[in-house]
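Reproduced below: my_file28.cif, with mmCIF, C-alpha atoms.
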```
data_data
loop_
_atom_site.label_atom_id
_atom_site.label_comp_id
_atom_site.auth_asym_id
_atom_site.auth_seq_id
_atom_site.Cartn_x
_atom_site.Cartn_y
_atom_site.Cartn_z
CA MET A 1 165.79 -176.40 261.45
CA PRO A 2 164.10 -174.51 264.31
CA SER A 3 165.96 -174.20 267.56
CA ASN A 4 164.25 -175.27 270.75
CA TRP A 5 165.52 -173.13 273.61
CA VAL A 6 164.97 -174.96 276.94
CA PRO A 7 165.36 -172.60 279.90
CA THR A 8 167.44 -173.75 282.85
CA GLN A 9 165.06 -174.81 285.59
CA GLU A 10 165.27 -174.46 289.36
CA GLY A 11 167.31 -177.31 290.68
CA ASP A 12 169.13 -177.99 287.45
CA SER A 13 172.88 -178.08 287.69
CA LEU A 14 174.49 -175.20 285.80
CA ASN A 15 177.39 -176.31 283.65
CA ALA A 16 179.01 -175.42 280.34
CA ALA A 17 176.40 -177.27 278.35
CA SER A 18 173.68 -175.16 279.99
CA LEU A 19 174.94 -172.24 277.93
CA ASN A 20 176.72 -173.88 274.99
CA THR A 21 173.79 -176.05 273.93
CA PRO A 22 171.05 -173.42 273.65
CA MET A 23 173.39 -170.77 272.24
CA GLY A 24 174.75 -173.27 269.75
CA GLY A 25 171.23 -174.16 268.69
CA VAL A 26 170.37 -170.57 267.91
CA ARG A 27 173.71 -170.14 266.15
CA ASP A 28 173.14 -173.16 263.93
CA GLU A 29 169.63 -171.98 263.11
CA ILE A 30 170.74 -168.52 262.00
CA ASN A 31 173.75 -169.85 260.13
CA ALA A 32 171.59 -172.08 257.96
CA LEU A 33 168.28 -170.32 257.39
CA ASP A 34 165.84 -172.50 255.49
CA GLU A 35 163.55 -171.20 252.76
CA PRO A 36 160.49 -170.50 254.96
CA SER A 37 162.70 -168.22 257.03
CA ILE A 38 163.19 -165.94 254.03
CA LYS A 39 160.10 -163.82 253.78
CA ARG A 40 158.99 -162.72 250.33
CA TYR A 41 160.99 -159.67 249.16
CA SER A 42 162.93 -159.63 252.43
CA LEU A 43 166.43 -159.73 250.95
CA ASN A 44 168.16 -156.60 249.79
CA SER A 45 171.62 -155.42 248.83
CA ASN A 46 172.92 -156.09 252.33
CA HIS A 47 172.29 -159.79 251.97
CA LEU A 48 173.38 -160.59 248.45
CA PRO A 49 176.70 -160.51 246.63
CA SER A 50 177.46 -157.94 243.96
CA GLN A 51 176.01 -158.40 240.49
CA VAL A 52 179.39 -157.37 239.13
CA LEU A 53 181.93 -160.15 238.84
CA ALA A 54 184.69 -158.01 237.34
CA TYR A 55 185.10 -154.53 235.96
CA GLY A 56 187.59 -152.28 234.24
CA HIS A 57 187.76 -148.85 232.69
CA LYS A 58 190.23 -146.82 230.66
CA MET A 59 190.05 -143.29 229.37
CA LEU A 60 192.21 -141.39 226.92
CA ASN A 61 192.19 -137.62 227.10
CA PRO A 62 195.32 -136.62 225.20
CA GLY A 63 196.20 -133.03 224.40
CA ALA A 64 196.91 -133.94 220.78
CA VAL A 65 195.58 -136.27 218.14
CA HIS A 66 196.98 -139.75 217.53
CA ILE A 67 197.30 -140.63 213.85
CA TYR A 68 196.75 -143.98 212.13
CA THR A 69 197.68 -144.58 208.53
CA SER A 70 196.54 -146.83 205.72
CA LEU A 71 200.21 -147.56 205.13
CA LEU A 72 200.79 -149.18 208.52
CA HIS A 73 197.30 -150.36 209.38
CA PRO A 74 195.16 -150.93 206.29
CA TYR A 75 191.79 -152.48 207.00
CA PRO A 76 192.49 -156.23 207.19
CA GLY A 77 188.99 -157.26 206.18
CA TRP A 78 185.88 -158.40 207.94
CA ASN A 79 186.37 -160.58 211.00
CA THR A 80 190.15 -160.62 210.83
CA LEU A 81 192.27 -160.51 213.97
CA ALA A 82 195.66 -159.43 212.65
CA GLY A 83 196.45 -156.06 211.13
CA TRP A 84 194.73 -153.66 213.51
CA SER A 85 196.38 -151.01 215.63
CA THR A 86 195.40 -150.69 219.25
CA VAL A 87 193.97 -147.23 219.84
CA ASN A 88 196.77 -145.50 221.73
CA THR A 89 198.09 -142.01 222.26
CA ALA A 90 201.02 -142.57 219.87
CA GLY A 91 198.92 -143.68 216.89
CA SER A 92 200.06 -146.17 214.26
CA VAL A 93 203.66 -146.16 215.44
CA GLY A 94 202.42 -147.49 218.77
CA GLY A 95 203.87 -147.34 222.25
CA GLY A 96 201.42 -144.85 223.71
CA THR A 97 198.81 -145.28 226.40
CA GLU A 98 196.32 -147.80 225.08
CA LEU A 99 192.55 -147.66 225.17
CA GLU A 100 192.32 -150.96 226.98
CA ALA A 101 190.19 -151.81 230.00
CA VAL A 102 191.99 -154.17 232.36
CA LEU A 103 189.57 -156.13 234.53
CA ASN A 104 190.22 -156.06 238.25
CA THR A 105 190.06 -159.84 238.15
CA SER A 106 189.86 -162.29 235.28
CA VAL A 107 186.46 -163.83 234.67
CA ASP A 108 185.38 -167.08 233.05
CA LEU A 109 182.54 -166.21 230.70
CA ALA A 110 181.54 -169.88 230.48
CA ALA A 111 181.16 -170.25 234.24
CA SER A 112 177.73 -170.96 235.63
CA GLY A 113 176.13 -167.71 236.69
CA THR A 114 178.23 -165.50 234.43
CA ARG A 115 176.05 -163.73 231.89
CA GLY A 116 178.79 -162.05 229.86
CA LEU A 117 181.10 -159.09 229.59
CA LEU A 118 179.21 -155.87 228.88
CA VAL A 119 181.42 -153.41 227.03
CA TYR A 120 180.87 -149.72 226.32
CA CYS A 121 183.34 -147.86 224.16
CA ASN A 122 183.43 -144.36 222.69
CA ILE A 123 186.12 -143.02 220.38
CA GLN A 124 186.33 -139.48 219.10
CA LEU A 125 187.27 -139.06 215.43
CA GLN A 126 188.84 -135.75 214.54
CA ARG A 127 189.84 -135.93 210.88
CA ILE A 128 190.44 -138.22 207.89
CA TYR A 129 192.57 -137.04 204.96
CA ASP A 130 195.35 -138.28 202.74
CA SER A 131 198.99 -137.38 202.57
CA LEU A 132 198.25 -134.66 200.02
CA GLY A 133 195.78 -133.04 202.33
CA VAL A 134 192.82 -134.19 200.25
CA VAL A 135 189.66 -135.74 201.60
CA SER A 136 187.54 -138.33 199.85
CA ALA A 137 184.31 -140.12 200.55
CA ALA A 138 186.28 -143.28 199.86
CA TYR A 139 188.48 -142.87 202.95
CA TYR A 140 187.27 -144.69 206.05
CA VAL A 141 188.18 -145.34 209.61
CA ILE A 142 187.15 -148.69 211.09
CA VAL A 143 187.17 -149.42 214.80
CA ALA A 144 186.40 -152.63 216.68
CA LEU A 145 186.94 -154.44 219.97
CA HIS A 146 189.41 -157.17 220.86
CA VAL A 147 189.02 -159.17 224.05
CA ARG A 148 192.05 -160.78 225.67
CA LEU A 149 192.10 -164.30 227.04
CA THR A 150 194.21 -165.25 230.04
CA THR A 151 196.49 -166.99 227.56
CA ALA A 152 197.37 -163.44 226.37
CA ALA A 153 195.79 -164.15 222.98
CA TYR A 154 193.22 -161.69 221.66
CA ILE A 155 189.88 -162.50 220.03
CA HIS A 156 188.38 -160.20 217.40
CA ILE A 157 184.70 -159.44 217.98
CA ALA A 158 183.51 -158.97 214.42
CA ARG A 159 180.09 -157.55 215.26
CA THR A 160 181.75 -154.57 216.95
CA GLU A 161 183.29 -153.28 213.72
CA ARG A 162 182.13 -149.70 213.11
CA TYR A 163 183.17 -147.36 210.33
CA SER A 164 182.93 -143.75 209.30
CA PRO A 165 183.81 -142.12 205.97
CA SER A 166 185.76 -138.90 205.82
CA ASP A 167 184.08 -135.55 205.45
CA SER A 168 184.39 -135.14 201.70
CA ASN A 169 183.02 -131.63 201.29
CA GLY A 170 185.92 -129.85 199.64
CA ALA A 171 189.62 -130.38 199.84
CA ALA A 172 190.16 -128.80 203.23
CA GLN A 173 191.19 -131.03 206.08
CA LEU A 174 188.04 -130.33 208.02
CA THR A 175 187.73 -131.34 211.61
CA MET A 176 184.96 -133.91 211.73
CA TRP A 177 184.55 -134.42 215.48
CA LYS A 178 182.49 -137.55 215.12
CA ASP A 179 181.80 -139.90 217.97
CA LEU A 180 182.17 -143.62 217.28
CA PRO A 181 180.26 -145.64 219.88
CA ILE A 182 180.43 -149.40 220.38
CA ARG A 183 178.19 -151.41 222.69
CA THR A 184 178.27 -155.17 223.01
CA LEU A 185 177.87 -158.12 225.33
CA ILE A 186 180.75 -160.54 224.89
CA LYS A 187 179.76 -164.12 225.72
CA SER A 188 181.64 -167.36 225.97
CA THR A 189 180.34 -168.33 222.55
CA ASP A 190 182.45 -165.51 221.10
CA LEU A 191 185.57 -167.22 222.37
CA GLY A 192 187.34 -170.48 221.70
CA ALA A 193 188.42 -173.24 224.03
CA THR A 194 189.70 -170.71 226.55
CA THR A 195 186.85 -168.70 227.98
CA THR A 196 188.53 -166.72 230.74
CA VAL A 197 189.17 -163.09 229.83
CA ASP A 198 191.02 -160.28 231.54
CA ARG A 199 191.09 -157.31 229.14
CA VAL A 200 189.23 -155.68 226.30
CA LYS A 201 190.64 -153.02 224.00
CA ALA A 202 189.69 -150.78 221.08
CA VAL A 203 191.46 -151.26 217.77
CA VAL A 204 191.52 -149.20 214.61
CA SER A 205 192.40 -149.54 210.94
CA VAL A 206 192.19 -147.31 207.88
CA ALA A 207 190.57 -148.04 204.53
CA ASP A 208 191.15 -146.38 201.20
CA SER A 209 188.57 -147.71 198.78
CA THR A 210 189.53 -145.41 195.91
CA GLY A 211 191.56 -148.24 194.46
CA ALA A 212 194.28 -145.80 193.54
CA ALA A 213 196.42 -146.41 196.60
CA LEU A 214 198.56 -143.49 195.60
CA ASN A 215 198.58 -141.68 198.90
CA THR A 216 198.59 -142.63 202.52
CA THR A 217 195.29 -142.04 204.26
CA ASN A 218 195.55 -140.62 207.75
CA VAL A 219 193.01 -140.92 210.55
CA GLU A 220 193.19 -138.66 213.56
CA LEU A 221 191.58 -139.84 216.77
CA ARG A 222 191.42 -137.96 220.02
CA ARG A 223 189.47 -138.82 223.15
CA GLY A 224 188.12 -142.21 224.08
CA ASN A 225 186.92 -144.32 226.96
CA ILE A 226 186.15 -148.00 227.32
CA SER A 227 184.33 -149.75 230.15
CA ALA A 228 183.91 -153.46 230.74
CA ILE A 229 181.54 -155.00 233.28
CA ALA A 230 181.17 -158.74 233.82
CA LEU A 231 177.68 -159.40 235.09
CA ARG A 232 176.22 -162.19 237.17
CA GLY A 233 173.16 -163.60 235.50
CA ALA A 234 171.78 -166.63 237.29
CA VAL A 235 169.98 -167.64 240.43
CA LEU A 236 172.10 -167.97 243.53
CA THR A 237 172.44 -171.69 244.11
CA MET B 1 181.41 -163.61 256.34
CA ALA B 2 178.49 -163.05 258.60
CA ASP B 3 178.19 -166.54 259.99
CA ILE B 4 177.83 -166.66 263.76
CA THR B 5 180.73 -168.42 265.45
CA LEU B 6 180.19 -167.06 269.00
CA PRO B 7 183.21 -165.52 270.78
CA THR B 8 183.14 -167.85 273.77
CA THR B 9 182.63 -171.57 274.16
CA PHE B 10 182.10 -172.25 277.82
CA ALA B 11 183.99 -174.95 279.71
CA ASP B 12 183.02 -176.79 282.84
CA ALA B 13 184.72 -175.59 286.06
CA ALA B 14 185.83 -172.30 284.51
CA VAL B 15 184.72 -169.10 286.20
CA LEU B 16 181.76 -167.68 284.32
CA THR B 17 181.99 -163.94 283.67
CA PRO B 18 179.07 -161.76 282.60
CA GLY B 19 181.18 -160.34 279.79
CA GLN B 20 181.57 -163.73 278.12
CA VAL B 21 177.85 -164.32 278.13
CA ASN B 22 177.04 -160.79 276.99
CA ASN B 23 179.62 -160.95 274.19
CA ASN B 24 178.05 -164.08 272.78
CA ILE B 25 174.72 -162.32 272.63
CA TYR B 26 175.88 -158.92 271.44
CA SER B 27 179.40 -157.77 270.59
CA PRO B 28 179.61 -155.30 267.70
CA ALA B 29 182.53 -155.83 265.32
CA ALA B 30 183.47 -155.07 261.75
CA THR B 31 182.72 -158.70 261.00
CA PRO B 32 180.38 -159.71 263.79
CA VAL B 33 180.50 -163.26 265.13
CA SER B 34 177.90 -162.95 267.91
CA PHE B 35 174.13 -162.94 267.63
CA GLU B 36 174.58 -159.32 266.56
CA VAL B 37 174.64 -160.81 263.05
CA ILE B 38 170.86 -160.61 263.00
CA ASN B 39 171.07 -156.80 263.21
CA GLY B 40 171.44 -156.38 259.45
CA TRP B 41 174.46 -158.64 258.91
CA LEU B 42 172.67 -161.66 257.51
CA ASP B 43 173.98 -162.57 254.09
CA ASN B 44 174.41 -165.51 251.75
CA ALA B 45 176.60 -167.26 254.31
CA ASN B 46 173.51 -167.64 256.48
CA ARG B 47 171.58 -169.50 253.81
CA ASP B 48 171.01 -173.21 254.16
CA ASN B 49 173.16 -173.99 251.15
CA GLY B 50 171.92 -176.41 248.55
CA THR B 51 168.37 -176.75 249.83
CA TYR B 52 166.92 -173.87 247.83
CA ASN B 53 167.90 -171.12 245.40
CA ILE B 54 167.53 -167.42 245.93
CA SER B 55 164.98 -166.27 243.39
CA ARG B 56 163.62 -162.86 242.51
CA TYR B 57 160.71 -163.44 244.87
CA HIS B 58 163.12 -163.31 247.77
CA ILE B 59 164.67 -160.02 246.71
CA ARG B 60 163.20 -156.61 247.31
CA PRO B 61 162.49 -155.02 243.92
CA ARG B 62 165.12 -152.49 242.80
CA SER B 63 167.34 -153.22 245.76
CA MET B 64 170.20 -154.69 243.71
CA VAL B 65 169.97 -152.49 240.64
CA GLY B 66 168.43 -149.16 239.86
CA GLY B 67 168.12 -146.79 236.97
CA ARG B 68 166.04 -144.19 235.22
CA GLN B 69 165.87 -142.39 231.93
CA VAL B 70 164.85 -138.90 230.94
CA GLY B 71 164.54 -137.27 227.55
CA ASN B 72 163.01 -134.47 225.62
CA THR B 73 160.97 -134.58 222.43
CA ALA B 74 161.34 -130.89 221.71
CA ILE B 75 163.99 -129.19 219.63
CA ILE B 76 166.03 -126.85 221.77
CA ASP B 77 167.74 -123.82 220.25
CA PHE B 78 170.53 -122.08 222.11
CA PHE B 79 171.64 -118.67 220.89
CA ASP B 80 175.13 -117.33 221.38
CA GLU B 81 173.90 -114.43 223.51
CA VAL B 82 173.38 -116.75 226.45
CA PHE B 83 176.98 -117.94 226.52
CA PRO B 84 180.19 -116.12 227.40
CA VAL B 85 182.65 -115.75 224.54
CA ASP B 86 185.21 -117.97 226.24
CA GLN B 87 184.04 -121.51 226.89
CA ASN B 88 186.68 -121.90 229.58
CA GLU B 89 185.04 -119.37 231.83
CA PRO B 90 183.43 -120.82 234.94
CA SER B 91 179.79 -121.72 234.36
CA ALA B 92 180.18 -121.11 230.61
CA HIS B 93 178.32 -124.35 229.93
CA ILE B 94 174.55 -124.51 230.37
CA PRO B 95 172.72 -127.74 231.28
CA VAL B 96 170.62 -129.04 228.40
CA HIS B 97 166.95 -129.61 229.08
CA GLY B 98 166.28 -133.36 228.89
CA ALA B 99 169.89 -134.35 229.40
CA ALA B 100 170.00 -133.71 233.11
CA ILE B 101 169.03 -136.09 235.86
CA GLN B 102 169.16 -136.36 239.61
CA PHE B 103 169.34 -139.73 241.27
CA PHE B 104 169.64 -141.31 244.68
CA LEU B 105 172.03 -144.15 245.44
CA PRO B 106 170.99 -146.15 248.51
CA TYR B 107 174.56 -147.43 248.81
CA SER B 108 177.85 -146.89 247.02
CA PRO B 109 177.44 -149.14 243.96
CA THR B 110 180.23 -151.13 242.35
CA VAL B 111 179.29 -149.54 239.04
CA VAL B 112 177.26 -146.51 237.97
CA VAL B 113 176.80 -146.21 234.20
CA LEU B 114 175.63 -143.03 232.51
CA MET B 115 174.52 -143.07 228.87
CA TRP B 116 173.11 -140.42 226.59
CA GLN B 117 172.25 -139.58 223.00
CA VAL B 118 172.56 -135.94 222.07
CA TYR B 119 171.86 -134.78 218.49
CA SER B 120 173.14 -131.39 217.48
CA ALA B 121 173.62 -128.98 214.61
CA ASN B 122 174.54 -125.33 214.27
CA ASP B 123 174.63 -122.55 211.72
CA ALA B 124 178.32 -121.74 211.84
CA ASP B 125 180.18 -121.90 208.53
CA TYR B 126 181.40 -125.42 208.06
CA ASN B 127 184.81 -124.58 206.63
CA VAL B 128 186.02 -121.86 208.94
CA GLY B 129 188.14 -124.28 210.91
CA THR B 130 186.98 -123.24 214.33
CA ASP B 131 184.95 -125.41 216.66
CA PRO B 132 181.91 -123.31 217.44
CA SER B 133 179.92 -125.52 219.82
CA GLU B 134 180.68 -128.17 222.39
CA PHE B 135 179.18 -130.46 225.02
CA ARG B 136 180.59 -131.61 228.31
CA LEU B 137 179.50 -134.07 230.96
CA PHE B 138 179.16 -132.93 234.54
CA ILE B 139 178.51 -135.09 237.59
CA ASP B 140 177.55 -133.24 240.75
CA SER B 141 178.43 -130.04 238.85
CA THR B 142 182.01 -131.25 238.34
CA LEU B 143 183.39 -131.59 234.83
CA GLN B 144 184.31 -135.20 234.08
CA THR B 145 187.73 -135.50 232.50
CA GLY B 146 187.72 -136.49 228.85
CA GLN B 147 183.96 -136.22 228.47
CA MET B 148 183.77 -133.49 225.88
CA ARG B 149 182.56 -133.50 222.29
CA THR B 150 182.55 -130.78 219.65
CA GLN B 151 179.82 -129.80 217.23
CA PRO B 152 181.61 -128.53 214.12
CA GLY B 153 180.22 -125.84 211.88
CA GLY B 154 177.40 -127.11 209.68
CA ARG B 155 176.32 -124.39 207.22
CA ILE B 156 177.50 -123.65 203.71
CA PRO B 157 179.17 -120.22 203.92
CA ALA B 158 177.21 -117.14 202.88
CA GLY B 159 174.04 -119.14 202.58
CA THR B 160 171.31 -120.78 204.56
CA THR B 161 171.91 -124.35 203.47
CA ARG B 162 172.51 -126.74 206.29
CA LEU B 163 174.91 -129.61 205.68
CA LYS B 164 173.06 -132.40 207.38
CA ARG B 165 176.09 -134.63 207.34
CA ARG B 166 177.72 -132.10 209.67
CA ASP B 167 175.04 -132.82 212.26
CA ARG B 168 176.47 -134.84 215.09
CA VAL B 169 175.29 -137.48 217.53
CA TRP B 170 177.05 -138.10 220.80
CA SER B 171 175.99 -141.55 221.97
CA GLY B 172 178.18 -141.28 224.99
CA HIS B 173 178.79 -143.29 228.08
CA TYR B 174 180.67 -142.81 231.29
CA VAL B 175 181.14 -145.03 234.29
CA ARG B 176 181.99 -144.43 237.89
CA MET B 177 183.78 -147.41 239.35
CA ASN B 178 186.95 -148.08 241.25
CA SER B 179 189.67 -147.70 238.62
CA THR B 180 192.79 -145.69 237.92
CA ASP B 181 190.97 -142.86 236.16
CA THR B 182 187.62 -142.72 237.89
CA SER B 183 186.10 -143.57 241.25
CA VAL B 184 182.91 -144.91 242.78
CA LEU B 185 180.04 -142.62 243.68
CA ALA B 186 179.09 -142.41 247.34
CA ALA B 187 175.64 -143.21 248.66
CA GLY B 188 173.22 -140.32 248.52
CA TRP B 189 171.88 -137.82 246.02
CA HIS B 190 173.76 -137.04 242.82
CA SER B 191 173.23 -135.13 239.62
CA ALA B 192 174.53 -135.71 236.12
CA ASP B 193 174.02 -133.60 233.04
CA ILE B 194 175.26 -132.69 229.61
CA ARG B 195 176.03 -129.00 229.32
CA ALA B 196 176.43 -126.99 226.16
CA TRP B 197 178.47 -124.02 225.10
CA SER B 198 178.27 -122.37 221.70
CA GLY B 199 179.67 -119.43 219.82
CA ALA B 200 177.45 -120.07 216.79
CA ASN B 201 174.37 -117.95 216.20
CA THR B 202 172.20 -120.97 216.80
CA LEU B 203 172.96 -124.34 218.33
CA ARG B 204 170.10 -126.76 217.76
CA ILE B 205 169.87 -129.76 220.07
CA ARG B 206 167.63 -132.78 220.25
CA ILE B 207 167.89 -135.06 223.23
CA ARG B 208 166.88 -138.63 222.67
CA ASN B 209 167.69 -139.76 226.19
CA PHE B 210 169.94 -139.45 229.17
CA LYS B 211 169.97 -142.37 231.56
CA TYR B 212 171.78 -144.04 234.39
CA TRP B 213 171.87 -147.47 235.92
CA TYR B 214 173.77 -148.83 238.85
CA THR B 215 174.27 -152.14 240.56
CA LYS B 216 175.73 -153.25 243.82
#
```
Using the file provided, produce a representation of the structure as structure tokens.
Amino acid sequence: MPSNWVPTQEGDSLNAASLNTPMGGVRDEINALDEPSIKRYSLNSNHLPSQVLAYGHKMLNPGAVHIYTSLLHPYPGWNTLAGWSTVNTAGSVGGGTELEAVLNTSVDLAASGTRGLLVYCNIQLQRIYDSLGVVSAAYYVIVALHVRLTTAAYIHIARTERYSPSDSNGAAQLTMWKDLPIRTLIKSTDLGATTTVDRVKAVVSVADSTGAALNTTNVELRRGNISAIALRGAVLT
Amino acid sequence: MADITLPTTFADAAVLTPGQVNNNIYSPAATPVSFEVINGWLDNANRDNGTYNISRYHIRPRSMVGGRQVGNTAIIDFFDEVFPVDQNEPSAHIPVHGAAIQFFLPYSPTVVVLMWQVYSANDADYNVGTDPSEFRLFIDSTLQTGQMRTQPGGRIPAGTTRLKRRDRVWSGHYVRMNSTDTSVLAAGWHSADIRAWSGANTLRIRIRNFKYWYTK
């Protein structure tokens, strides 16, 4: 709505409205710019809200390994929530600093304009061996991501399951130093009735597919970092 | 928000001061309420809500997000002569060609994401138990805590056979955002790179890519 500024003329009486009316007209015009006022490509980062709706990051850089065992955390099977250990600096016994990104604010992934929760995760694998110090190509580590709802319940994201076998060349407990990366976009369709999330964490389990189950398989993890970014993905309405 | 509210509403019979008039037209503030809003303070609050949507045609390209990728198709061999014996010496790590980038941030973004894929192998004996080669991430020539990976030995002892399953890939990522263990990057020029150190005779590297993206 264009503003029509009418100058005060000679002979007009000067009162409050002489200033309030024209200034208010300009104010109302600038406060509610219509589409023709927005020139093509004229908006930039100063005019628009952040693309990031929520974010969180966590890094583990412990001085020692954290060990997970097939005794305490055997692989629970594909797309199973229970049975995993959170990656943490104390290993299978738990209680250490967890590899969990806490969002600065919870975000509803089903909300209009929310594209999803983009998650990057890297975990460093140091060694896999059994309680006799033997390695086998049948020993595995499996990692995955769990996202937490605001109800405090976690959801297992099955497509994020990644595995690595042990380094089976010889009996020595060789350092493997493998990097296990996970990348995913968590969407509301991954969740249930509750679609508001506030955390995402890395979990780990151990598999011994020898079938013998005679010895405990140990997995040593070391460094890790996880980042979660909730992105806006719709036109600004 | 940046909506104009005007500091003064004039009343009949009150004494008019120049300052009141001037402040309505221009009075700088952290959150301006005068016509000073038009000096770069216009934002979504100034949109005529509900009558139209902001589409990509309204937005200056690359003003909300930015990013770039570099890489290297060549195999790069590093020999131990170029490194000091102790990897903890200052400047012991050498930037890897193709895994180094410089970038400009027009503002301090909410998030800067760095990603890379570094393939490596070396000719150190695989079963010696030492860790002969390593990679670290630097931003603005500062080592980033926790961003280190090791290339273990990958050769059968007393031979020339390479154990390909001892080759390693670091598909890494790192973010700079406001959190307990990292922080946002300021506006301006920055650099980021993967640097190598090795005590093996040969450290062979292939860089698939090194990239960054940021968003407001």
Check: Using all atoms listed in the file, which residues sit within 12 Å of Ser92 (chain A) once same-chain residues fewer than 3 positions away are excluded, as JSON, numbers by chain?
Finding: {"A": [65, 66, 67, 68, 69, 70, 71, 72, 73, 74, 83, 84, 85, 86, 87, 88, 89, 95, 96, 98, 203, 204, 205, 206, 217, 218, 219, 220, 221]}
Notebook entry, point to check: Quick one, how far is CA of Lys178 (chain A) from CA of Glu81 (chain B)?
Noted result: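 Going from CA of Lys178 (chain A) over to CA of Glu81 (chain B) covers 26.1 Å.
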Item checked: Nearby residues (only C-alpha atoms) at most 7 Å from Val65 (chain B), same-chain spacing under 6 positions excluded, as JSON, numbers by chain -> {"B": [214, 215, 216]}
Notebook entry, point to check: For chain B against chain A, which residues fall within 8 Å using all atoms listed in the file, given as an NGL selection string?
Noted result: :B and (3-6 or 9-13 or 35 or 38 or 40-61 or 63-64 or 110-111 or 127 or 129 or 145-146 or 149-152 or 166 or 168-175 or 177 or 179-181 or 215-216)
Check: Looking at B:Ser27, B:Asn39, B:Asn72, B:Thr161, which one is nearest to Val118 (chain B), with distances taken over all atoms listed in the file?
Finding: B:Asn72
The PyMOL selection byres ((chain B and resi 185) around 6) - which residues does that actually catch in the file I just gave you? List them as a PDB file with C-alpha atoms, in the coordinates of the input.
```
ATOM      1  CA  SER B 108     177.850-146.890 247.020  1.00  0.00           C
ATOM      2  CA  VAL B 184     182.910-144.910 242.780  1.00  0.00           C
ATOM      3  CA  ALA B 186     179.090-142.410 247.340  1.00  0.00           C
TER       4      ALA B 186
END
```
Padding 3 Å on every side, please: axis-aligned box over the listed atoms of region 197-210 of chain B, centre and edge lengths to one decimal in Å, as lines of an AutoDock Vina configuration file.
```
center_x = 173.3
center_y = -128.9
center_z = 222.7
size_x = 18.8
size_y = 27.8
size_z = 19.0
```
Margin query: I want to know what sits within 8 Å of Ala144 (chain A), based on all atoms listed in the file, with residues of the same chain fewer than 2 positions away left out; could you give that as a list in words?
Written below: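 Counting all atoms listed in the file, the residues come to Ile142, His146, His156, Ile157, Ala158, Thr160, Glu161, Arg162, Ile182, Ala202, Val203 and Val204 of chain A.
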